[in-house]
file run01.csv (CSV, N, CA and C atoms)
chain,number,residue,atom,x,y,z
T,118,MET,N,4.6,63.3,-15.7
T,118,MET,CA,4.7,61.9,-15.6
T,118,MET,C,6.1,61.3,-16.0
T,119,PRO,N,6.9,61.9,-16.8
T,119,PRO,CA,8.2,61.3,-17.1
T,119,PRO,C,9.1,61.1,-15.9
T,120,LYS,N,9.1,62.0,-14.9
T,120,LYS,CA,9.9,61.8,-13.7
T,120,LYS,C,9.3,60.6,-12.9
T,121,ALA,N,8.0,60.6,-12.8
T,121,ALA,CA,7.4,59.4,-12.0
T,121,ALA,C,7.7,58.1,-12.8
T,122,ALA,N,7.7,58.1,-14.1
T,122,ALA,CA,8.0,56.9,-14.8
T,122,ALA,C,9.4,56.5,-14.6
T,123,ARG,N,10.3,57.5,-14.7
T,123,ARG,CA,11.8,57.1,-14.4
T,123,ARG,C,11.9,56.5,-13.0
T,124,GLU,N,11.2,57.1,-12.0
T,124,GLU,CA,11.3,56.5,-10.7
T,124,GLU,C,10.8,55.1,-10.6
T,125,ILE,N,9.7,54.9,-11.3
T,125,ILE,CA,9.1,53.5,-11.4
T,125,ILE,C,10.2,52.6,-12.0
T,126,GLY,N,10.9,53.1,-13.0
T,126,GLY,CA,11.9,52.3,-13.7
T,126,GLY,C,13.0,51.8,-12.8
T,127,THR,N,13.3,52.6,-11.7
T,127,THR,CA,14.3,52.2,-10.8
T,127,THR,C,14.0,50.9,-10.0
T,128,MET,N,12.7,50.6,-10.0
T,128,MET,CA,12.2,49.4,-9.3
T,128,MET,C,12.3,48.1,-10.2
T,129,ARG,N,12.7,48.4,-11.4
T,129,ARG,CA,12.8,47.3,-12.4
T,129,ARG,C,11.6,46.4,-12.5
T,130,PRO,N,10.4,47.0,-12.8
T,130,PRO,CA,9.2,46.1,-13.0
T,130,PRO,C,9.3,45.3,-14.2
T,131,ASP,N,8.6,44.1,-14.2
T,131,ASP,CA,8.5,43.3,-15.4
T,131,ASP,C,7.6,44.0,-16.4
T,132,VAL,N,6.6,44.7,-15.9
T,132,VAL,CA,5.6,45.3,-16.7
T,132,VAL,C,5.0,46.5,-15.9
T,133,VAL,N,4.6,47.5,-16.7
T,133,VAL,CA,3.9,48.7,-16.1
T,133,VAL,C,2.5,48.7,-16.6
T,134,VAL,N,1.5,48.9,-15.7
T,134,VAL,CA,0.1,49.0,-16.1
T,134,VAL,C,-0.3,50.4,-15.9
T,135,PHE,N,-0.8,51.1,-17.0
T,135,PHE,CA,-1.4,52.4,-16.9
T,135,PHE,C,-2.9,52.2,-16.8
T,136,GLY,N,-3.5,52.3,-15.6
T,136,GLY,CA,-4.9,51.9,-15.4
T,136,GLY,C,-5.8,53.1,-15.3
T,137,CYS,N,-5.8,54.0,-16.3
T,137,CYS,CA,-6.7,55.1,-16.3
T,137,CYS,C,-7.5,55.2,-17.7
T,138,THR,N,-8.5,54.4,-17.8
T,138,THR,CA,-9.3,54.4,-19.0
T,138,THR,C,-9.8,55.8,-19.4
T,139,SER,N,-10.2,56.6,-18.5
T,139,SER,CA,-10.7,57.9,-18.9
T,139,SER,C,-9.7,58.8,-19.5
T,140,ALA,N,-8.4,58.7,-19.0
T,140,ALA,CA,-7.4,59.6,-19.6
T,140,ALA,C,-7.1,59.1,-21.0
T,141,GLU,N,-7.1,57.8,-21.2
T,141,GLU,CA,-6.8,57.3,-22.6
T,141,GLU,C,-8.0,57.7,-23.5
T,142,ALA,N,-9.2,57.5,-23.1
T,142,ALA,CA,-10.3,57.7,-23.9
T,142,ALA,C,-10.5,59.2,-24.2
T,143,LEU,N,-10.3,60.0,-23.2
T,143,LEU,CA,-10.5,61.5,-23.5
T,143,LEU,C,-9.5,62.0,-24.5
T,144,ARG,N,-8.3,61.4,-24.6
T,144,ARG,CA,-7.3,61.9,-25.5
T,144,ARG,C,-7.2,61.1,-26.8
T,145,GLY,N,-7.8,59.9,-26.8
T,145,GLY,CA,-7.9,59.1,-28.1
T,145,GLY,C,-6.9,58.0,-28.1
T,146,ASN,N,-7.1,57.2,-29.1
T,146,ASN,CA,-6.2,56.0,-29.3
T,146,ASN,C,-4.8,56.3,-29.6
T,147,ASP,N,-4.5,57.4,-30.4
T,147,ASP,CA,-3.2,57.7,-30.8
T,147,ASP,C,-2.4,58.2,-29.5
T,148,TYR,N,-3.1,58.9,-28.6
T,148,TYR,CA,-2.5,59.3,-27.4
T,148,TYR,C,-2.1,58.1,-26.5
T,149,ALA,N,-3.1,57.2,-26.4
T,149,ALA,CA,-2.8,56.0,-25.6
T,149,ALA,C,-1.6,55.2,-26.1
T,150,GLU,N,-1.5,55.1,-27.4
T,150,GLU,CA,-0.3,54.4,-27.9
T,150,GLU,C,1.0,55.1,-27.7
T,151,SER,N,0.9,56.4,-27.8
T,151,SER,CA,2.1,57.3,-27.6
T,151,SER,C,2.5,57.2,-26.1
T,152,LEU,N,1.5,57.3,-25.2
T,152,LEU,CA,1.8,57.2,-23.8
T,152,LEU,C,2.4,55.9,-23.4
T,153,SER,N,1.9,54.8,-24.0
T,153,SER,CA,2.4,53.5,-23.7
T,153,SER,C,3.9,53.4,-24.1
T,154,GLN,N,4.2,53.9,-25.3
T,154,GLN,CA,5.6,53.9,-25.7
T,154,GLN,C,6.5,54.8,-24.9
T,155,GLU,N,6.0,55.9,-24.5
T,155,GLU,CA,6.8,56.8,-23.6
T,155,GLU,C,7.0,56.2,-22.3
T,156,LEU,N,6.0,55.6,-21.7
T,156,LEU,CA,6.2,54.9,-20.4
T,156,LEU,C,7.1,53.7,-20.5
T,157,SER,N,7.1,53.0,-21.6
T,157,SER,CA,8.0,51.9,-21.8
T,157,SER,C,9.4,52.4,-21.9
T,158,ARG,N,9.6,53.4,-22.6
T,158,ARG,CA,11.0,54.0,-22.7
T,158,ARG,C,11.5,54.5,-21.4
T,159,ALA,N,10.7,55.2,-20.7
T,159,ALA,CA,11.1,55.8,-19.4
T,159,ALA,C,11.3,54.8,-18.3
T,160,THR,N,10.5,53.7,-18.3
T,160,THR,CA,10.6,52.7,-17.2
T,160,THR,C,11.5,51.5,-17.6
T,161,GLY,N,11.8,51.3,-18.9
T,161,GLY,CA,12.5,50.1,-19.4
T,161,GLY,C,11.7,48.8,-19.3
T,162,ALA,N,10.4,49.0,-19.2
T,162,ALA,CA,9.5,47.8,-19.1
T,162,ALA,C,8.4,48.0,-20.1
T,163,PRO,N,7.8,46.9,-20.6
T,163,PRO,CA,6.7,47.0,-21.5
T,163,PRO,C,5.5,47.6,-20.7
T,164,THR,N,4.7,48.3,-21.4
T,164,THR,CA,3.5,49.0,-20.7
T,164,THR,C,2.2,48.4,-21.3
T,165,VAL,N,1.3,48.2,-20.4
T,165,VAL,CA,-0.1,47.8,-20.7
T,165,VAL,C,-1.0,48.9,-20.4
T,166,THR,N,-1.9,49.3,-21.3
T,166,THR,CA,-2.9,50.3,-21.0
T,166,THR,C,-4.2,49.6,-21.0
T,167,VAL,N,-5.2,50.2,-20.3
T,167,VAL,CA,-6.5,49.5,-20.2
T,167,VAL,C,-7.1,49.4,-21.6
T,168,MET,N,-7.2,50.5,-22.4
T,168,MET,CA,-7.8,50.4,-23.7
T,168,MET,C,-7.0,49.4,-24.6
T,169,GLY,N,-5.7,49.4,-24.5
T,169,GLY,CA,-4.8,48.5,-25.3
T,169,GLY,C,-5.2,47.1,-24.9
T,170,ALA,N,-5.3,46.8,-23.6
T,170,ALA,CA,-5.7,45.4,-23.2
T,170,ALA,C,-7.0,45.0,-23.7
T,171,VAL,N,-8.0,46.0,-23.6
T,171,VAL,CA,-9.3,45.7,-24.1
T,171,VAL,C,-9.3,45.4,-25.6
T,172,ALA,N,-8.6,46.2,-26.4
T,172,ALA,CA,-8.5,46.0,-27.8
T,172,ALA,C,-7.9,44.6,-28.1
T,173,GLU,N,-6.8,44.3,-27.4
T,173,GLU,CA,-6.2,43.0,-27.6
T,173,GLU,C,-7.1,41.8,-27.4
T,174,GLU,N,-7.9,41.9,-26.3
T,174,GLU,CA,-8.8,40.9,-25.9
T,174,GLU,C,-10.0,40.8,-26.9
T,175,LEU,N,-10.5,42.0,-27.3
T,175,LEU,CA,-11.6,42.0,-28.3
T,175,LEU,C,-11.1,41.3,-29.6
T,176,ARG,N,-9.9,41.6,-30.0
T,176,ARG,CA,-9.3,40.9,-31.2
T,176,ARG,C,-9.2,39.4,-31.0
T,177,ARG,N,-8.7,39.0,-29.8
T,177,ARG,CA,-8.6,37.6,-29.5
T,177,ARG,C,-10.0,36.9,-29.6
T,178,LEU,N,-11.0,37.6,-29.1
T,178,LEU,CA,-12.3,37.0,-29.1
T,178,LEU,C,-13.0,37.1,-30.4
T,179,ASN,N,-12.4,37.8,-31.4
T,179,ASN,CA,-13.0,38.1,-32.7
T,179,ASN,C,-14.4,38.8,-32.5
T,180,ALA,N,-14.4,39.7,-31.6
T,180,ALA,CA,-15.7,40.5,-31.3
T,180,ALA,C,-15.9,41.5,-32.4
T,181,LYS,N,-17.2,41.7,-32.6
T,181,LYS,CA,-17.6,42.8,-33.5
T,181,LYS,C,-18.6,43.8,-32.8
T,182,HIS,N,-19.4,43.3,-32.0
T,182,HIS,CA,-20.4,44.1,-31.3
T,182,HIS,C,-20.1,44.0,-29.8
T,183,VAL,N,-20.0,45.2,-29.2
T,183,VAL,CA,-19.6,45.3,-27.8
T,183,VAL,C,-20.6,46.0,-26.9
T,184,ALA,N,-20.9,45.5,-25.7
T,184,ALA,CA,-21.6,46.2,-24.7
T,184,ALA,C,-20.6,46.6,-23.7
T,185,VAL,N,-20.8,47.9,-23.2
T,185,VAL,CA,-19.8,48.4,-22.2
T,185,VAL,C,-20.6,48.9,-21.0
T,186,LEU,N,-20.0,48.5,-19.8
T,186,LEU,CA,-20.5,48.9,-18.5
T,186,LEU,C,-19.4,49.7,-17.8
T,187,THR,N,-19.7,50.9,-17.5
T,187,THR,CA,-18.7,51.8,-16.8
T,187,THR,C,-19.3,52.6,-15.7
T,188,PRO,N,-18.4,53.1,-14.8
T,188,PRO,CA,-18.9,54.0,-13.8
T,188,PRO,C,-18.7,55.5,-14.2
T,189,TYR,N,-18.3,55.7,-15.5
T,189,TYR,CA,-18.0,57.1,-15.9
T,189,TYR,C,-19.1,57.9,-16.3
T,190,SER,N,-18.9,59.2,-16.5
T,190,SER,CA,-19.9,60.2,-16.9
T,190,SER,C,-20.2,59.9,-18.4
T,191,PRO,N,-21.3,60.4,-18.8
T,191,PRO,CA,-21.7,60.3,-20.2
T,191,PRO,C,-20.6,60.9,-21.2
T,192,LYS,N,-19.9,62.0,-20.8
T,192,LYS,CA,-18.9,62.6,-21.6
T,192,LYS,C,-17.7,61.6,-21.8
T,193,VAL,N,-17.3,61.0,-20.7
T,193,VAL,CA,-16.2,60.0,-20.8
T,193,VAL,C,-16.6,58.8,-21.6
T,194,ASN,N,-17.8,58.3,-21.3
T,194,ASN,CA,-18.3,57.2,-22.0
T,194,ASN,C,-18.4,57.4,-23.5
T,195,GLU,N,-18.8,58.6,-23.9
T,195,GLU,CA,-18.8,58.9,-25.3
T,195,GLU,C,-17.4,58.8,-26.0
T,196,THR,N,-16.4,59.2,-25.3
T,196,THR,CA,-15.0,59.0,-25.8
T,196,THR,C,-14.6,57.6,-25.8
T,197,ILE,N,-15.0,56.8,-24.8
T,197,ILE,CA,-14.8,55.4,-24.9
T,197,ILE,C,-15.5,54.7,-26.0
T,198,ARG,N,-16.7,55.1,-26.3
T,198,ARG,CA,-17.5,54.6,-27.4
T,198,ARG,C,-16.7,54.9,-28.7
T,199,ARG,N,-16.3,56.2,-28.8
T,199,ARG,CA,-15.7,56.6,-30.0
T,199,ARG,C,-14.3,55.9,-30.2
T,200,SER,N,-13.6,55.7,-29.2
T,200,SER,CA,-12.3,54.9,-29.3
T,200,SER,C,-12.6,53.5,-29.8
T,201,LEU,N,-13.6,52.8,-29.2
T,201,LEU,CA,-13.9,51.5,-29.7
T,201,LEU,C,-14.4,51.4,-31.1
T,202,GLU,N,-15.2,52.4,-31.5
T,202,GLU,CA,-15.6,52.5,-32.9
T,202,GLU,C,-14.5,52.8,-33.8
T,203,GLU,N,-13.5,53.6,-33.4
T,203,GLU,CA,-12.3,53.8,-34.2
T,203,GLU,C,-11.5,52.5,-34.4
T,204,MET,N,-11.6,51.6,-33.5
T,204,MET,CA,-10.9,50.3,-33.6
T,204,MET,C,-11.7,49.4,-34.4
T,205,GLY,N,-12.9,49.8,-34.8
T,205,GLY,CA,-13.7,48.9,-35.7
T,205,GLY,C,-14.8,48.1,-35.0
T,206,TYR,N,-15.1,48.4,-33.8
T,206,TYR,CA,-16.2,47.7,-33.1
T,206,TYR,C,-17.5,48.5,-33.1
T,207,GLN,N,-18.6,47.8,-33.0
T,207,GLN,CA,-19.9,48.5,-32.9
T,207,GLN,C,-20.3,48.4,-31.4
T,208,VAL,N,-20.5,49.6,-30.8
T,208,VAL,CA,-21.0,49.6,-29.4
T,208,VAL,C,-22.5,49.5,-29.5
T,209,VAL,N,-23.0,48.3,-29.1
T,209,VAL,CA,-24.5,48.1,-29.1
T,209,VAL,C,-25.2,48.5,-27.9
T,210,HIS,N,-24.4,48.7,-26.8
T,210,HIS,CA,-25.1,49.1,-25.5
T,210,HIS,C,-24.0,49.7,-24.7
T,211,MET,N,-24.3,50.8,-24.0
T,211,MET,CA,-23.4,51.4,-23.0
T,211,MET,C,-24.3,51.7,-21.8
T,212,ASP,N,-23.9,51.1,-20.7
T,212,ASP,CA,-24.6,51.3,-19.4
T,212,ASP,C,-23.7,52.2,-18.5
T,213,VAL,N,-24.3,53.3,-18.1
T,213,VAL,CA,-23.6,54.2,-17.2
T,213,VAL,C,-24.1,54.0,-15.8
T,214,ARG,N,-23.3,53.5,-15.0
T,214,ARG,CA,-23.7,53.1,-13.6
T,214,ARG,C,-22.6,53.3,-12.6
T,215,ALA,N,-22.9,53.6,-11.4
T,215,ALA,CA,-21.9,53.6,-10.3
T,215,ALA,C,-21.8,52.1,-10.0
T,216,ILE,N,-20.7,51.5,-10.1
T,216,ILE,CA,-20.5,50.1,-9.9
T,216,ILE,C,-19.9,49.7,-8.6
T,217,ALA,N,-20.0,50.5,-7.6
T,217,ALA,CA,-19.5,50.2,-6.3
T,217,ALA,C,-20.1,49.0,-5.7
T,218,GLY,N,-21.4,48.9,-5.9
T,218,GLY,CA,-22.1,47.7,-5.4
T,218,GLY,C,-23.0,47.1,-6.5
T,219,PRO,N,-23.9,46.2,-6.1
T,219,PRO,CA,-24.7,45.6,-7.1
T,219,PRO,C,-25.5,46.7,-7.9
T,220,THR,N,-25.4,46.5,-9.2
T,220,THR,CA,-26.0,47.5,-10.1
T,220,THR,C,-27.5,47.1,-10.4
T,221,VAL,N,-28.4,47.9,-9.9
T,221,VAL,CA,-29.8,47.7,-10.0
T,221,VAL,C,-30.3,48.3,-11.4
T,222,VAL,N,-31.0,47.5,-12.1
T,222,VAL,CA,-31.5,48.0,-13.4
T,222,VAL,C,-33.0,48.3,-13.3
T,223,PRO,N,-33.5,49.2,-14.2
T,223,PRO,CA,-35.0,49.5,-14.1
T,223,PRO,C,-35.8,48.2,-14.1
T,224,GLY,N,-36.8,48.2,-13.3
T,224,GLY,CA,-37.7,47.0,-13.2
T,224,GLY,C,-37.2,46.0,-12.1
T,225,GLY,N,-36.1,46.4,-11.4
T,225,GLY,CA,-35.6,45.5,-10.4
T,225,GLY,C,-34.5,44.6,-11.0
T,226,GLY,N,-33.9,43.8,-10.1
T,226,GLY,CA,-32.8,42.9,-10.6
T,226,GLY,C,-31.5,43.6,-10.7
T,227,HIS,N,-30.5,42.9,-11.0
T,227,HIS,CA,-29.2,43.4,-11.2
T,227,HIS,C,-28.7,43.2,-12.6
T,228,PHE,N,-27.8,44.1,-13.1
T,228,PHE,CA,-27.3,44.1,-14.4
T,228,PHE,C,-26.7,42.7,-14.7
T,229,ILE,N,-25.8,42.2,-13.8
T,229,ILE,CA,-25.1,41.0,-14.0
T,229,ILE,C,-26.1,39.8,-14.1
T,230,ASP,N,-27.2,39.9,-13.4
T,230,ASP,CA,-28.2,38.8,-13.5
T,230,ASP,C,-28.9,38.8,-14.9
T,231,LEU,N,-29.1,40.0,-15.4
T,231,LEU,CA,-29.6,40.1,-16.8
T,231,LEU,C,-28.7,39.5,-17.8
T,232,LEU,N,-27.4,39.8,-17.6
T,232,LEU,CA,-26.4,39.3,-18.6
T,232,LEU,C,-26.4,37.8,-18.5
T,233,ARG,N,-26.4,37.2,-17.2
T,233,ARG,CA,-26.4,35.8,-17.1
T,233,ARG,C,-27.6,35.1,-17.7
T,234,ALA,N,-28.7,35.8,-17.6
T,234,ALA,CA,-29.9,35.2,-18.2
T,234,ALA,C,-30.0,35.4,-19.7
T,235,GLY,N,-29.1,36.1,-20.3
T,235,GLY,CA,-29.1,36.3,-21.7
T,235,GLY,C,-30.1,37.4,-22.2
T,236,ALA,N,-30.5,38.3,-21.3
T,236,ALA,CA,-31.4,39.3,-21.6
T,236,ALA,C,-30.9,40.2,-22.7
T,237,PRO,N,-31.7,40.6,-23.7
T,237,PRO,CA,-31.2,41.4,-24.8
T,237,PRO,C,-31.0,42.9,-24.3
T,238,CYS,N,-30.0,43.5,-24.8
T,238,CYS,CA,-29.7,44.9,-24.5
T,238,CYS,C,-30.3,45.8,-25.5
T,239,GLN,N,-30.7,47.0,-25.1
T,239,GLN,CA,-31.1,48.0,-26.0
T,239,GLN,C,-29.9,48.5,-26.8
T,240,PRO,N,-30.1,48.8,-28.1
T,240,PRO,CA,-29.0,49.4,-28.8
T,240,PRO,C,-28.6,50.7,-28.2
T,241,TYR,N,-27.3,51.0,-28.3
T,241,TYR,CA,-26.8,52.3,-27.8
T,241,TYR,C,-27.3,53.4,-28.6
T,242,ALA,N,-27.8,54.5,-28.0
T,242,ALA,CA,-28.3,55.6,-28.7
T,242,ALA,C,-27.6,56.9,-28.1
T,243,SER,N,-26.9,57.6,-29.0
T,243,SER,CA,-26.1,58.8,-28.5
T,243,SER,C,-27.2,59.8,-28.1
T,244,GLY,N,-26.7,60.7,-27.2
T,244,GLY,CA,-27.6,61.8,-26.8
T,244,GLY,C,-28.3,61.5,-25.5
T,245,GLY,N,-28.3,60.2,-25.2
T,245,GLY,CA,-29.0,59.8,-23.9
T,245,GLY,C,-28.0,59.8,-22.8
T,246,GLU,N,-28.2,59.0,-21.8
T,246,GLU,CA,-27.3,59.0,-20.6
T,246,GLU,C,-26.0,58.3,-21.0
T,247,GLY,N,-26.0,57.6,-22.1
T,247,GLY,CA,-24.8,57.0,-22.5
T,247,GLY,C,-25.1,55.7,-23.0
call {"tool": "encode", "arguments": {"input": "run01.csv", "output": "structure tokens"}}
result
Amino acid sequence: MPKAAREIGTMRPDVVVFGCTSAEALRGNDYAESLSQELSRATGAPTVTVMGAVAEELRRLNAKHVAVLTPYSPKVNETIRRSLEEMGYQVVHMDVRAIAGPTVVPGGGHFIDLLRAGAPCQPYASGGEG
């Protein structure tokens, strides 16, 4: 990645976005921070990572309990959950779905419709699908 980052730096971007949640989550929060700093040094531009942006927004919102919807495997979701918990958040629900189209939930309907209606989420339970 350092060579690619140096090449990106020749374009003089205002900001670099590293948009790979799974890479950050699989290696942990310390790795994500280290990667962000490395990319910033190599490109000469500030770097935003997905998990970093999520953490900043959760702080801004003063969130404590988080529901997560991802298209990732249970293994990747477990690392995302762990990353969020290391940041001090309680993951109350994690929904593992392919999000390419409308997400259908058991009993019919779509996940977003349940959220809009204020439907309660089941607490996250490890060992299940996520």
call {"tool": "atom_distance", "arguments": {"input": "run01.csv", "atom1": "CA of Pro119 (chain T)", "atom2": "CA of Met168 (chain T)"}}
result
20.5 Å
call {"tool": "atom_distance", "arguments": {"input": "run01.csv", "atom1": "atom N of Val185 (chain T)", "atom2": "atom N of Gln207 (chain T)"}}
result
10.0 Å
call {"tool": "closest_residue", "arguments": {"input": "run01.csv", "among": "T:Glu141, T:Asp147, T:Glu124, T:Asp212", "to": "Pro188 (chain T)", "atoms": "only N, CA and C atoms"}}
result
T:Asp212
call {"tool": "closest_residue", "arguments": {"input": "run01.csv", "among": "T:Val209, T:Leu156, T:Gly136, T:Thr164", "to": "Leu186 (chain T)", "atoms": "only C-alpha atoms"}}
result
T:Val209
call {"tool": "residues_around", "arguments": {"input": "run01.csv", "residues": "Val213 (chain T)", "least_positions_apart": "4", "cutoff": "8 Å", "atoms": "all atoms listed in the file", "output": "PyMOL selection string"}}
result
chain T and resi 185-191+194+246-247
call {"tool": "atom_distance", "arguments": {"input": "run01.csv", "atom1": "atom C of His210 (chain T)", "atom2": "CA of Ala184 (chain T)"}}
result
4.2 Å
call {"tool": "residues_near_point", "arguments": {"input": "run01.csv", "point": "(-10.8, 55.1, -26.4)", "cutoff": "6.5 Å", "atoms": "all atoms listed in the file", "output": "PyMOL selection string"}}
result
chain T and resi 141-143+145-146+168+196-201
call {"tool": "closest_residue", "arguments": {"input": "run01.csv", "among": "T:Tyr206, T:Val165, T:Lys120, T:Glu150", "to": "Ala180 (chain T)", "atoms": "all atoms listed in the file"}}
result
T:Tyr206
